[in-house]
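K.L.:
Structure in structure tokens, see below.
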Amino acid sequence: MKIIFATGNKGKLREAAEILGDGFTLMSPADMGITEDVEETGETLIENSVIKADYIHARTGLDCFADDTGLEVDALGGAPGVHSARYATEGHDFEANIDKLLAELEKHPGEPRTARFRSVVTLIFKGEYHFFEGTLEGVIAMARRGGNGFGYDPVFIPDEYPDNTVAELDDETKNSISHRGKALRAMADWLREYA
Ligand code: ITT
């Protein structure tokens, strides 16, 4: 099945290709000649994932899905949440975002560093909307570790692997427990059943 993943994030695209497997031919907006980024003006993950999916669907008319992901840190009242990509600066600067996260948590000594990644996937299939969600629970590390993954992975320790950050896991292991893995496997199950 051919489907477009409405994302400009190469890490997400790589993970989705592995999670969805052989039954799906994944295309990116760039493959369709669409290179400009849509503005994520929503106040929630679901709003932003709809904005991204709508943008690509309006331009191609093809089945597509988008993923909006946030990191929710309990000691920070759920921040950065929907603002995770632009936490420190307007550009998607992973390093600056992690620096800001660690600095903000230093202001909360002694508080639990519990957090979760939450992904909301909007699928537009035959013009209709379907939603899938996945979360990954864990804690924020005191410092970066590991070189795999992307984004906040070097400072996120998942409950399933308490000795490792996600950036110390290989892609397959990350996908088997991750927010995106859960949401996209649910989407794939739905497509296999109803498409
Ligand atoms: P698209 O909107 O083009 O899909 P994006 O990187 O802007 O890509 P989001 O709006 O969902 O994606 O932003 C979420 C932020 O959280 C962004 O900084 C990501 O790098 C980060 N993030 C998303 N998924 C992640 C993951 O699996 N591990 C670590 N960080 C992640």
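The chains in the structure tokens are called A, B, ... from first to last as shown; in each chain the residues are counted from 1, and the ligands are counted from 1 in the order shown.
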Write out as a list in words the residues lying within 12 Å of Trp190 of chain A, counting only C-alpha atoms and excluding same-chain residues fewer than 3 positions away.

P.N.:
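Once the nearby chain positions are removed, what remains is Leu20, Leu123, Phe125, His130, Phe131, Phe132, Ala183, Leu184, Arg185, Ala186, Met187, Glu193, Tyr194 and Ala195 of chain A.
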
K.L.:
Taking only C-alpha atoms and all ligand atoms into account, list the residues no farther than 6 Å from ligand 1, as a list of chain:residue names.

P.N.:
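So, counting only C-alpha atoms and all ligand atoms, the residues near ligand 1 are A:Thr7, A:Gly8, A:Asn9, A:Asp67, A:Asp68, A:Thr69, A:Gly70, A:Ser84, A:Ala85, A:His92, A:Phe150, A:Gly151, A:Tyr152, A:Asp153.
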
K.L.:
Any chance you could tabulate, as JSON lines, the residues of segment 82-167 of chain A at most 9 Å from segment 43-52 of chain A with each one's nearest atom pair and distance in Å to one decimal, using only C-alpha atoms, in chain and rising number order?

P.N.:
{"residue": "A:Val82", "atom": "CA", "partner": "A:Leu45", "partner_atom": "CA", "distance": 5.7}
{"residue": "A:His83", "atom": "CA", "partner": "A:Glu43", "partner_atom": "CA", "distance": 8.7}
{"residue": "A:Arg118", "atom": "CA", "partner": "A:Leu45", "partner_atom": "CA", "distance": 8.5}
{"residue": "A:Ser119", "atom": "CA", "partner": "A:Leu45", "partner_atom": "CA", "distance": 7.6}
{"residue": "A:Val120", "atom": "CA", "partner": "A:Ile46", "partner_atom": "CA", "distance": 5.9}
{"residue": "A:Val121", "atom": "CA", "partner": "A:Ser49", "partner_atom": "CA", "distance": 6.3}
{"residue": "A:Thr122", "atom": "CA", "partner": "A:Ser49", "partner_atom": "CA", "distance": 5.7}
{"residue": "A:Leu123", "atom": "CA", "partner": "A:Val50", "partner_atom": "CA", "distance": 8.4}
{"residue": "A:Ile124", "atom": "CA", "partner": "A:Val50", "partner_atom": "CA", "distance": 8.9}
{"residue": "A:Tyr129", "atom": "CA", "partner": "A:Val50", "partner_atom": "CA", "distance": 8.6}
{"residue": "A:Phe131", "atom": "CA", "partner": "A:Ile46", "partner_atom": "CA", "distance": 8.3}

K.L.:
Rounded to one decimal in Å, what is the spacing between atom CA of Asp31 of chain A and atom CA of Phe5 of chain A?

P.N.:
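Between these atoms lies a distance of 10.3 Å.
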
K.L.:
I need the residues of segment 4-182 of chain A that end up classed as helix (DSSP H, G or I) by DSSP on the backbone, written out as JSON, numbers by chain.

P.N.:
{"A": [10, 11, 12, 13, 14, 15, 16, 17, 18, 19, 20, 30, 31, 32, 45, 46, 47, 48, 49, 50, 51, 52, 53, 54, 55, 56, 57, 58, 59, 60, 74, 75, 76, 84, 85, 86, 94, 95, 96, 97, 98, 99, 100, 101, 102, 103, 104, 105, 106, 153, 154, 155, 166, 167, 168, 171, 172, 173, 174, 175, 176, 177, 179, 180, 181, 182]}

K.L.:
Check the smallest atom-to-atom distance from each of A:Asn148, A:Thr89, A:Thr60, A:Thr114 to Glu72 of chain A using only C-alpha atoms, then report the winner.

P.N.:
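Comparing A:Asn148, A:Thr89, A:Thr60, A:Thr114 against Glu72 of chain A, the winner is A:Thr114.
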
K.L.:
In Å to one decimal, how far is atom CA of Ile4 of chain A from atom CA of Gly21 of chain A?

P.N.:
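Between these atoms lies a distance of 14.2 Å.
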
K.L.:
Could you give me the residues within segment 53-171 of chain A that DSSP places in strand (DSSP E or B), as a PyMOL selection string?

P.N.:
chain A and resi 64-73+80-81+114-125+128-140+156-158

K.L.:
For Ala115 of chain A, which residue among A:Leu71, A:Ala103, A:Ile177, A:Ala16 is the nearest when counting only C-alpha atoms?

P.N.:
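Going through A:Leu71, A:Ala103, A:Ile177, A:Ala16 one by one, the smallest distance to Ala115 of chain A is for A:Leu71.
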
K.L.:
Rank A:Asp54, A:Arg144, A:Glu39, A:Gly11 by their smallest atom-to-atom distance to Thr165 of chain A, using only C-alpha atoms, and report the top residue only.

P.N.:
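The closest residue to Thr165 of chain A is A:Arg144.
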